[in-house]
file run_28.txt (compact mmCIF, C-alpha atoms and all ligand atoms)
# COMPACT_ATOMS: atom_id res chain seq x y z
CA MET A 212 68.70 8.41 -6.42
CA ARG A 213 67.37 5.72 -4.12
CA GLY A 214 65.66 8.31 -2.01
CA GLY A 215 64.09 9.84 -5.10
CA MET A 216 62.81 6.44 -6.18
CA GLY A 217 61.35 5.87 -2.71
CA VAL A 218 59.52 9.17 -2.83
CA ALA A 219 58.23 8.38 -6.32
CA LEU A 220 56.99 4.97 -5.17
CA ALA A 221 55.38 6.41 -2.09
CA THR A 222 53.75 9.12 -4.20
CA THR A 223 52.48 6.53 -6.67
CA SER A 224 51.01 4.34 -3.97
CA LEU A 225 49.42 7.35 -2.30
CA TRP A 226 47.93 8.33 -5.62
CA LEU A 227 46.71 4.77 -6.16
CA ALA A 228 45.18 4.62 -2.70
CA SER A 229 43.33 7.88 -3.14
CA ALA A 230 42.20 6.93 -6.65
CA MET A 231 40.82 3.69 -5.25
CA ALA A 232 39.10 5.48 -2.39
CA ALA A 233 37.53 7.92 -4.85
CA ALA A 234 36.41 5.05 -7.06
CA ALA A 235 34.91 3.28 -4.07
CA GLU A 236 33.19 6.50 -3.10
CA GLU A 237 31.66 7.22 -6.47
CA VAL A 238 27.92 6.96 -6.13
CA THR A 239 25.61 6.23 -9.05
CA PHE A 240 22.06 7.49 -8.80
CA LYS A 241 19.24 5.97 -10.77
CA ALA A 242 16.99 8.56 -12.43
CA ILE A 243 13.60 8.43 -14.12
CA SER A 244 11.48 10.96 -15.98
CA ALA A 245 7.68 11.02 -15.95
CA PHE A 246 7.85 12.58 -19.42
CA ALA A 247 9.06 10.94 -22.61
CA GLU A 248 12.79 11.07 -23.21
CA LYS A 249 14.08 14.06 -25.17
CA THR A 250 10.67 15.78 -25.21
CA PHE A 251 10.17 19.31 -23.88
CA TYR A 252 9.50 18.47 -20.23
CA SER A 253 12.41 16.04 -19.99
CA ARG A 254 15.00 18.24 -21.65
CA GLY A 255 15.89 20.35 -18.61
CA PHE A 256 16.33 17.17 -16.57
CA GLU A 257 18.53 15.68 -19.26
CA ARG A 258 20.72 18.81 -19.26
CA PHE A 259 20.95 18.52 -15.46
CA ILE A 260 22.02 14.88 -15.78
CA ASP A 261 24.67 15.74 -18.38
CA LYS A 262 26.05 18.45 -16.11
CA VAL A 263 26.21 16.20 -13.05
CA ASN A 264 27.89 13.46 -15.07
CA ALA A 265 30.45 15.94 -16.42
CA ASP A 266 31.15 17.71 -13.11
CA GLY A 267 30.81 14.61 -10.96
CA LYS A 268 33.39 12.28 -12.51
CA GLY A 269 34.77 10.04 -9.77
CA GLN A 270 32.22 11.50 -7.33
CA VAL A 271 28.64 11.05 -8.39
CA GLN A 272 27.07 9.86 -11.60
CA ILE A 273 23.49 9.58 -12.79
CA SER A 274 22.21 6.58 -14.68
CA TYR A 275 19.11 7.65 -16.61
CA VAL A 276 16.67 4.81 -17.12
CA GLY A 277 14.41 7.01 -19.27
CA GLY A 278 10.78 8.01 -19.41
CA PRO A 279 7.33 6.35 -19.38
CA LYS A 280 8.64 3.31 -21.27
CA ALA A 281 10.53 2.45 -18.10
CA MET A 282 7.74 3.36 -15.63
CA PRO A 283 4.16 4.70 -15.86
CA PRO A 284 4.17 8.46 -15.03
CA PHE A 285 1.65 8.20 -12.20
CA GLU A 286 3.89 5.66 -10.43
CA VAL A 287 7.00 7.81 -10.41
CA GLY A 288 6.13 9.54 -7.10
CA ASN A 289 5.77 6.26 -5.24
CA ALA A 290 8.95 4.86 -6.77
CA LEU A 291 10.87 7.95 -5.67
CA LYS A 292 9.39 7.80 -2.19
CA GLY A 293 10.30 4.13 -1.82
CA GLY A 294 13.82 4.61 -3.16
CA VAL A 295 13.23 2.42 -6.23
CA VAL A 296 14.78 5.39 -8.04
CA ASP A 297 17.02 8.04 -6.47
CA LEU A 298 16.06 10.97 -8.71
CA ALA A 299 12.88 11.81 -10.58
CA ASN A 300 11.74 14.40 -13.08
CA VAL A 301 8.04 14.81 -12.43
CA THR A 302 5.17 17.24 -11.92
CA GLY A 303 3.07 17.46 -8.75
CA ALA A 304 -0.13 16.37 -10.52
CA PHE A 305 1.44 12.95 -11.14
CA TYR A 306 1.88 12.09 -7.46
CA THR A 307 -1.14 13.59 -5.69
CA ASN A 308 -1.74 10.00 -4.45
CA VAL A 309 1.33 10.45 -2.23
CA MET A 310 1.24 14.20 -1.62
CA PRO A 311 -1.95 16.04 -2.67
CA GLU A 312 -0.36 19.43 -1.92
CA ALA A 313 2.22 18.97 -4.69
CA ASP A 314 -0.39 19.99 -7.27
CA ALA A 315 -0.43 23.48 -5.67
CA TRP A 316 2.87 24.42 -7.37
CA LYS A 317 0.82 25.14 -10.50
CA LEU A 318 -0.96 27.94 -8.59
CA ALA A 319 2.19 29.75 -7.47
CA GLU A 320 2.29 33.28 -8.86
CA LYS A 321 5.76 34.00 -7.55
CA PRO A 322 9.06 32.77 -9.00
CA MET A 323 10.96 30.05 -7.14
CA ALA A 324 13.67 32.53 -6.15
CA GLU A 325 11.01 34.45 -4.21
CA LEU A 326 9.35 31.33 -2.78
CA ARG A 327 12.75 30.21 -1.52
CA LYS A 328 12.87 33.46 0.48
CA ASN A 329 9.27 33.98 1.61
CA GLY A 330 8.82 30.57 3.27
CA GLY A 331 6.76 29.05 0.45
CA TYR A 332 9.50 26.64 -0.53
CA ALA A 333 10.25 25.81 3.12
CA TYR A 334 6.58 25.04 3.77
CA MET A 335 6.48 22.64 0.84
CA ALA A 336 9.88 21.18 1.76
CA ALA A 337 8.48 20.05 5.11
CA LEU A 338 5.63 18.27 3.31
CA TYR A 339 8.08 16.64 0.87
CA ASP A 340 10.09 15.49 3.85
CA GLN A 341 7.11 13.97 5.68
CA LYS A 342 4.98 12.66 2.84
CA MET A 343 7.40 11.94 0.00
CA GLN A 344 10.65 11.12 1.82
CA ALA A 345 12.07 13.52 -0.71
CA ILE A 346 13.70 16.86 -1.39
CA LEU A 347 12.64 19.06 -4.28
CA LEU A 348 15.99 20.07 -5.78
CA ALA A 349 14.89 22.30 -8.65
CA ARG A 350 11.80 23.50 -10.43
CA HIS A 351 13.01 23.78 -14.00
CA ILE A 352 9.62 24.51 -15.59
CA ASP A 353 7.74 27.67 -14.62
CA ASN A 354 6.32 30.67 -16.56
CA ASN A 355 4.55 28.13 -18.75
CA PRO A 356 0.72 28.44 -18.79
CA PHE A 357 -1.69 25.58 -19.32
CA HIS A 358 -4.34 25.71 -22.02
CA LEU A 359 -7.43 23.88 -23.11
CA TYR A 360 -7.06 22.36 -26.61
CA LEU A 361 -10.12 21.24 -28.56
CA THR A 362 -11.26 19.34 -31.63
CA LYS A 363 -14.59 21.23 -31.61
CA PRO A 364 -15.19 24.97 -31.15
CA ILE A 365 -16.80 26.58 -28.12
CA SER A 366 -18.42 29.99 -27.98
CA GLY A 367 -17.93 30.78 -24.33
CA PRO A 368 -16.63 29.42 -21.03
CA ASP A 369 -19.15 26.58 -20.97
CA LEU A 370 -17.73 23.09 -21.39
CA THR A 371 -21.01 21.23 -20.92
CA GLY A 372 -21.20 18.20 -23.18
CA LEU A 373 -17.45 18.04 -23.79
CA LYS A 374 -15.33 15.10 -22.72
CA LEU A 375 -11.83 16.25 -21.89
CA ARG A 376 -8.57 14.52 -21.12
CA ILE A 377 -7.19 15.70 -17.80
CA THR A 378 -4.71 15.16 -15.02
CA PRO A 379 -5.34 16.56 -11.52
CA VAL A 380 -4.03 19.91 -12.84
CA TYR A 381 -7.24 20.63 -14.74
CA ARG A 382 -9.88 18.53 -12.97
CA ASP A 383 -11.53 21.10 -10.72
CA PHE A 384 -11.48 23.86 -13.29
CA PHE A 385 -12.85 21.89 -16.25
CA GLN A 386 -15.49 20.25 -14.08
CA ALA A 387 -16.54 23.64 -12.70
CA LEU A 388 -17.21 24.68 -16.31
CA GLY A 389 -19.37 21.62 -16.87
CA ALA A 390 -17.02 19.22 -18.68
CA THR A 391 -16.88 15.47 -18.32
CA VAL A 392 -13.30 14.49 -17.62
CA VAL A 393 -11.12 11.44 -18.15
CA GLN A 394 -7.63 11.15 -16.70
CA THR A 395 -4.86 9.78 -18.90
CA ALA A 396 -1.09 9.81 -18.98
CA PRO A 397 0.37 11.97 -21.77
CA GLY A 398 1.24 8.81 -23.70
CA GLU A 399 -2.46 8.05 -24.21
CA VAL A 400 -3.59 11.46 -25.47
CA TYR A 401 -2.92 10.85 -29.17
CA THR A 402 -4.97 7.65 -29.29
CA ALA A 403 -7.79 9.21 -27.26
CA LEU A 404 -8.01 12.06 -29.79
CA GLU A 405 -7.70 9.76 -32.77
CA ARG A 406 -10.50 7.52 -31.56
CA GLY A 407 -12.72 10.45 -30.63
CA VAL A 408 -12.80 9.30 -27.01
CA VAL A 409 -12.13 12.92 -26.00
CA ASP A 410 -13.03 16.30 -27.53
CA GLY A 411 -9.93 17.95 -26.19
CA TYR A 412 -7.28 17.98 -23.52
CA GLY A 413 -5.43 20.11 -21.05
CA TRP A 414 -1.73 20.70 -21.68
CA PRO A 415 0.71 23.61 -21.33
CA ILE A 416 1.51 25.98 -24.18
CA THR A 417 4.63 24.00 -25.15
CA GLY A 418 5.09 20.43 -26.23
CA ILE A 419 1.98 19.48 -28.24
CA PHE A 420 4.23 18.76 -31.24
CA ASP A 421 6.39 16.30 -29.30
CA LEU A 422 3.82 13.51 -29.45
CA GLY A 423 2.03 14.59 -32.63
CA TRP A 424 -1.11 16.02 -31.01
CA HIS A 425 -1.12 19.04 -33.34
CA GLU A 426 -2.38 16.69 -36.05
CA LYS A 427 -5.60 16.18 -34.10
CA THR A 428 -5.93 19.64 -32.51
CA LYS A 429 -8.14 22.30 -34.11
CA TYR A 430 -8.45 24.97 -31.39
CA ARG A 431 -6.51 26.39 -28.48
CA VAL A 432 -8.46 28.31 -25.87
CA ASP A 433 -6.89 31.50 -24.52
CA PRO A 434 -6.11 32.83 -22.01
CA GLY A 435 -3.79 30.26 -20.50
CA PHE A 436 -3.98 29.63 -16.78
CA TYR A 437 -1.65 28.58 -13.92
CA SER A 438 2.03 27.86 -14.49
CA ALA A 439 3.20 24.36 -15.31
CA GLU A 440 5.65 22.92 -12.81
CA VAL A 441 8.16 20.19 -13.52
CA SER A 442 10.80 19.52 -10.90
CA ILE A 443 13.71 17.30 -10.01
CA LEU A 444 13.21 15.36 -6.79
CA VAL A 445 15.71 13.29 -4.85
CA ASN A 446 14.94 10.54 -2.38
CA LYS A 447 15.92 11.61 1.15
CA ASN A 448 17.82 8.44 2.01
CA SER A 449 19.70 8.57 -1.27
CA TRP A 450 20.66 12.17 -0.51
CA GLY A 451 21.82 11.03 2.94
CA ARG A 452 24.29 8.61 1.33
CA LEU A 453 26.19 11.46 -0.35
CA ASN A 454 29.12 13.31 1.12
CA GLU A 455 29.39 17.09 1.14
CA ARG A 456 31.27 17.30 -2.16
CA GLN A 457 28.85 15.01 -3.98
CA ARG A 458 25.90 17.05 -2.71
CA GLU A 459 27.53 20.24 -3.87
CA ILE A 460 27.90 18.90 -7.40
CA ILE A 461 24.20 18.02 -7.55
CA SER A 462 23.05 21.20 -5.79
CA ALA A 463 25.06 23.37 -8.19
CA ALA A 464 23.53 21.61 -11.21
CA ALA A 465 20.08 21.99 -9.62
CA ALA A 466 20.52 25.75 -9.03
CA TRP A 467 21.81 26.08 -12.60
CA ILE A 468 18.77 24.37 -14.09
CA GLU A 469 16.25 26.14 -11.82
CA ALA A 470 17.65 29.51 -12.98
CA GLN A 471 16.82 28.48 -16.56
CA ALA A 472 13.07 28.37 -15.79
CA ALA A 473 13.11 32.10 -16.56
CA ASP A 474 13.94 31.25 -20.21
CA VAL A 475 10.80 29.13 -20.69
CA GLY A 476 9.00 32.25 -21.97
CA LYS A 477 10.99 32.10 -25.21
CA GLU A 478 9.90 28.51 -25.76
CA ASN A 479 6.28 29.57 -25.18
CA GLU A 480 6.54 32.15 -27.96
CA ALA A 481 8.14 29.64 -30.32
CA ASP A 482 5.35 27.11 -29.78
CA ILE A 483 2.63 29.76 -30.14
CA ALA A 484 4.07 30.56 -33.59
CA LYS A 485 4.37 26.87 -34.44
CA GLN A 486 0.74 26.24 -33.45
CA LYS A 487 -0.36 29.13 -35.65
CA ALA A 488 1.64 27.76 -38.58
CA ALA A 489 0.04 24.34 -37.99
CA GLY A 490 -3.40 25.93 -38.46
CA ILE A 491 -4.54 25.70 -34.84
CA GLU A 492 -7.15 28.42 -34.33
CA VAL A 493 -7.28 30.47 -31.15
CA ILE A 494 -10.57 30.89 -29.29
CA THR A 495 -10.16 33.88 -27.00
CA LEU A 496 -12.28 34.04 -23.88
CA GLY A 497 -12.33 36.81 -21.30
CA GLU A 498 -9.98 37.22 -18.38
CA GLU A 499 -12.68 35.69 -16.14
CA PHE A 500 -11.69 32.31 -17.65
CA ARG A 501 -8.33 32.63 -15.90
CA THR A 502 -9.83 34.00 -12.70
CA LYS A 503 -12.22 31.06 -12.57
CA ALA A 504 -9.27 28.68 -13.08
CA TYR A 505 -7.51 30.01 -9.97
CA GLU A 506 -10.71 29.95 -7.92
CA ALA A 507 -11.45 26.35 -8.86
CA GLY A 508 -7.79 25.38 -8.49
CA TRP A 509 -7.39 26.73 -4.96
CA ALA A 510 -10.79 25.37 -3.92
CA GLY A 511 -9.55 21.94 -5.07
CA VAL A 512 -6.22 22.19 -3.22
CA ILE A 513 -7.98 23.33 -0.03
CA ARG A 514 -10.55 20.53 -0.30
CA GLN A 515 -7.76 17.94 -0.73
CA SER A 516 -5.68 19.45 2.05
CA PRO A 517 -7.73 21.57 4.48
CA GLU A 518 -4.72 21.83 6.80
CA HIS A 519 -2.08 23.07 4.35
CA GLY A 520 -4.08 24.43 1.41
CA PRO A 521 -4.94 27.84 2.94
CA LYS A 522 -1.33 28.37 4.09
CA LEU A 523 -0.02 27.55 0.64
CA LYS A 524 -2.52 29.94 -0.89
CA ALA A 525 -1.23 32.76 1.33
CA LEU A 526 2.40 31.99 0.48
CA PHE A 527 1.96 31.34 -3.26
CA SER A 528 -0.55 33.98 -4.36
CA LYS A 529 0.32 37.46 -5.60
O1 LIG B 601 -1.29 17.49 -18.70
C1 LIG B 601 -0.46 16.89 -18.00
O2 LIG B 601 -0.11 15.73 -18.23
C2 LIG B 601 0.13 17.62 -16.88
O3 LIG B 601 -0.42 17.58 -15.81
C3 LIG B 601 1.39 18.36 -17.09
C4 LIG B 601 1.98 19.03 -16.03
C5 LIG B 601 3.17 19.73 -16.24
C6 LIG B 601 3.74 19.75 -17.49
C7 LIG B 601 3.16 19.08 -18.54
C8 LIG B 601 1.98 18.38 -18.35
call {"tool": "encode", "arguments": {"input": "run_28.txt", "output": "structure tokens"}}
result
Amino acid sequence: MRGGMGVALATTSLWLASAMAAAAEEVTFKAISAFAEKTFYSRGFERFIDKVNADGKGQVQISYVGGPKAMPPFEVGNALKGGVVDLANVTGAFYTNVMPEADAWKLAEKPMAELRKNGGYAYMAALYDQKMQAILLARHIDNNPFHLYLTKPISGPDLTGLKLRITPVYRDFFQALGATVVQTAPGEVYTALERGVVDGYGWPITGIFDLGWHEKTKYRVDPGFYSAEVSILVNKNSWGRLNERQREIISAAAAWIEAQAADVGKENEADIAKQKAAGIEVITLGEEFRTKAYEAGWAGVIRQSPEHGPKLKALFSK
């Protein structure tokens, strides 16, 4: 009896001690998205967060501070690099100030699974390590072409006289076709269209309904070009604070969400139908529109990064 009680007490205190150790070990990461909460480009990140928070109880948790209301999108890269946030959901075009090469993801014509094998991912990982103090955990958006959307029609691949909203994604291409460009965060596109400050904008095939742009959009230009990239990055020092088990929880959620990039094609089709139903007309240009996009895109990456651009082109192109 007494012995049994002693064992029970010892067991209880052991349990208490390990519970306390686990509680003390639990790490909470702060996460930000460069895209508005609950919109298309944040959703994969939000699913990743939910999974980590479910699988990581007592180990690692993610506190999501939200989207551009919490931080301007073009500042997310610097915040991640400096450890102001531990995790970020962001596209390369938003942090070319820190790492110009990041915008080259859009030009990859191979899936991430292949780039993780052929050295393409490893080449970029070294640049993330040096320039961003970061690790790219998962690319959850791929297979998602960009398009030019307009309020006025065009009759060919000549954008002379048009003022277009851009990010670094589209700059070299639209300028090569003669456009005047103005960079804005996604949050400013609606007002720019409403006020007639721009005649159109670059954006991927999905998501124009999220912020109401369909109301102001009359035409979509086909074909699409490149493949939009949105990825989850982690600060290197933050990653260094995790133990093996905590890293495994995050890595498993990252692999799970990266595998879902293959499903983006279904979302593309859904938005194409939705755009049609909204009365957005399609202006179809020849395949040389797309060819020109890649030429201008790679020329831009190589100009920004003469050292790494050509190597990335060799690793990323078909
Ligand atoms: O147009 C943009 O803001 C942009 O660069 C982008 C990149 C990836 C996904 C969505 C938008």
call {"tool": "closest_residue", "arguments": {"input": "run_28.txt", "among": "A:Val432, A:Leu404, A:Ile352, A:Ile365", "to": "ligand LIG 601 (chain B)", "atoms": "only C-alpha atoms and all ligand atoms"}}
result
A:Ile352
call {"tool": "axis_aligned_box", "arguments": {"input": "run_28.txt", "around": "ligand LIG 601 (chain B)", "padding_each_side": "6 Å", "output": "AutoDock Vina command-line options"}}
result
--center_x 1.2 --center_y 17.7 --center_z -17.3 --size_x 17.0 --size_y 16.0 --size_z 14.9
call {"tool": "residues_near_point", "arguments": {"input": "run_28.txt", "point": "(14.8, 12.8, 0.2)", "cutoff": "9 Å", "atoms": "all atoms listed in the file", "output": "ChimeraX atom specification"}}
result
/A:291-292,294,297,339-340,343-347,444-451
call {"tool": "residues_near_ligand", "arguments": {"input": "run_28.txt", "ligand": "ligand LIG 601 (chain B)", "cutoff": "9 Å", "atoms": "all atoms listed in the file", "output": "PyMOL selection string"}}
result
chain A and resi 246+251-252+301-305+314+317+352+355+357+376-381+394-398+412-415+417-418+438-441
call {"tool": "closest_residue", "arguments": {"input": "run_28.txt", "among": "A:Val512, A:Lys522, A:Leu496, A:Thr402", "to": "Glu312 of chain A", "atoms": "all atoms listed in the file"}}
result
A:Val512
call {"tool": "residues_around", "arguments": {"input": "run_28.txt", "residues": "Ala466 of chain A", "least_positions_apart": "2", "cutoff": "12 Å", "atoms": "all atoms listed in the file", "output": "CSV table (one decimal) with C-alpha atoms, in the frame of the given file"}}
result
chain,number,residue,atom,x,y,z
A,255,GLY,CA,15.9,20.4,-18.6
A,259,PHE,CA,21.0,18.5,-15.5
A,262,LYS,CA,26.0,18.4,-16.1
A,263,VAL,CA,26.2,16.2,-13.0
A,323,MET,CA,11.0,30.0,-7.1
A,324,ALA,CA,13.7,32.5,-6.2
A,327,ARG,CA,12.8,30.2,-1.5
A,347,LEU,CA,12.6,19.1,-4.3
A,348,LEU,CA,16.0,20.1,-5.8
A,349,ALA,CA,14.9,22.3,-8.6
A,350,ARG,CA,11.8,23.5,-10.4
A,351,HIS,CA,13.0,23.8,-14.0
A,442,SER,CA,10.8,19.5,-10.9
A,443,ILE,CA,13.7,17.3,-10.0
A,459,GLU,CA,27.5,20.2,-3.9
A,460,ILE,CA,27.9,18.9,-7.4
A,461,ILE,CA,24.2,18.0,-7.6
A,462,SER,CA,23.0,21.2,-5.8
A,463,ALA,CA,25.1,23.4,-8.2
A,464,ALA,CA,23.5,21.6,-11.2
A,468,ILE,CA,18.8,24.4,-14.1
A,469,GLU,CA,16.2,26.1,-11.8
A,470,ALA,CA,17.6,29.5,-13.0
A,471,GLN,CA,16.8,28.5,-16.6
A,472,ALA,CA,13.1,28.4,-15.8
call {"tool": "atom_distance", "arguments": {"input": "run_28.txt", "atom1": "atom CA of Leu326 of chain A", "atom2": "atom CA of Leu526 of chain A"}}
result
7.7 Å
call {"tool": "atom_distance", "arguments": {"input": "run_28.txt", "atom1": "atom CA of Glu286 of chain A", "atom2": "atom CA of Ile260 of chain A"}}
result
21.0 Å
call {"tool": "closest_residue", "arguments": {"input": "run_28.txt", "among": "A:Asn479, A:Ser274, A:Asn264, A:Gln486", "to": "Thr428 of chain A", "atoms": "all atoms listed in the file"}}
result
A:Gln486
call {"tool": "atom_distance", "arguments": {"input": "run_28.txt", "atom1": "atom CA of Pro322 of chain A", "atom2": "atom CA of Asp353 of chain A"}}
result
7.7 Å
call {"tool": "closest_residue", "arguments": {"input": "run_28.txt", "among": "A:Gln386, A:Ala403, A:Ala525, A:Val475", "to": "Lys503 of chain A", "atoms": "only C-alpha atoms"}}
result
A:Gln386
call {"tool": "closest_residue", "arguments": {"input": "run_28.txt", "among": "A:Glu320, A:Met310, A:Glu426, A:Ile419", "to": "Met335 of chain A", "atoms": "all atoms listed in the file"}}
result
A:Met310
call {"tool": "closest_residue", "arguments": {"input": "run_28.txt", "among": "A:Phe240, A:Tyr360, A:Phe384, A:Trp467", "to": "His425 of chain A", "atoms": "only C-alpha atoms"}}
result
A:Tyr360
call {"tool": "residues_around", "arguments": {"input": "run_28.txt", "residues": "Leu373 of chain A", "least_positions_apart": "3", "cutoff": "7 Å", "atoms": "only C-alpha atoms", "output": "ChimeraX atom specification"}}
result
/A:370,390-391,410
call {"tool": "residues_around", "arguments": {"input": "run_28.txt", "residues": "Val295 of chain A", "least_positions_apart": "3", "cutoff": "10 Å", "atoms": "all atoms listed in the file", "output": "VMD selection string"}}
result
chain A and resid 241 to 243 287 289 to 292 298 446
call {"tool": "residues_around", "arguments": {"input": "run_28.txt", "residues": "Glu492 of chain A", "least_positions_apart": "2", "cutoff": "7 Å", "atoms": "all atoms listed in the file", "output": "ChimeraX atom specification"}}
result
/A:429-431,487,490,494
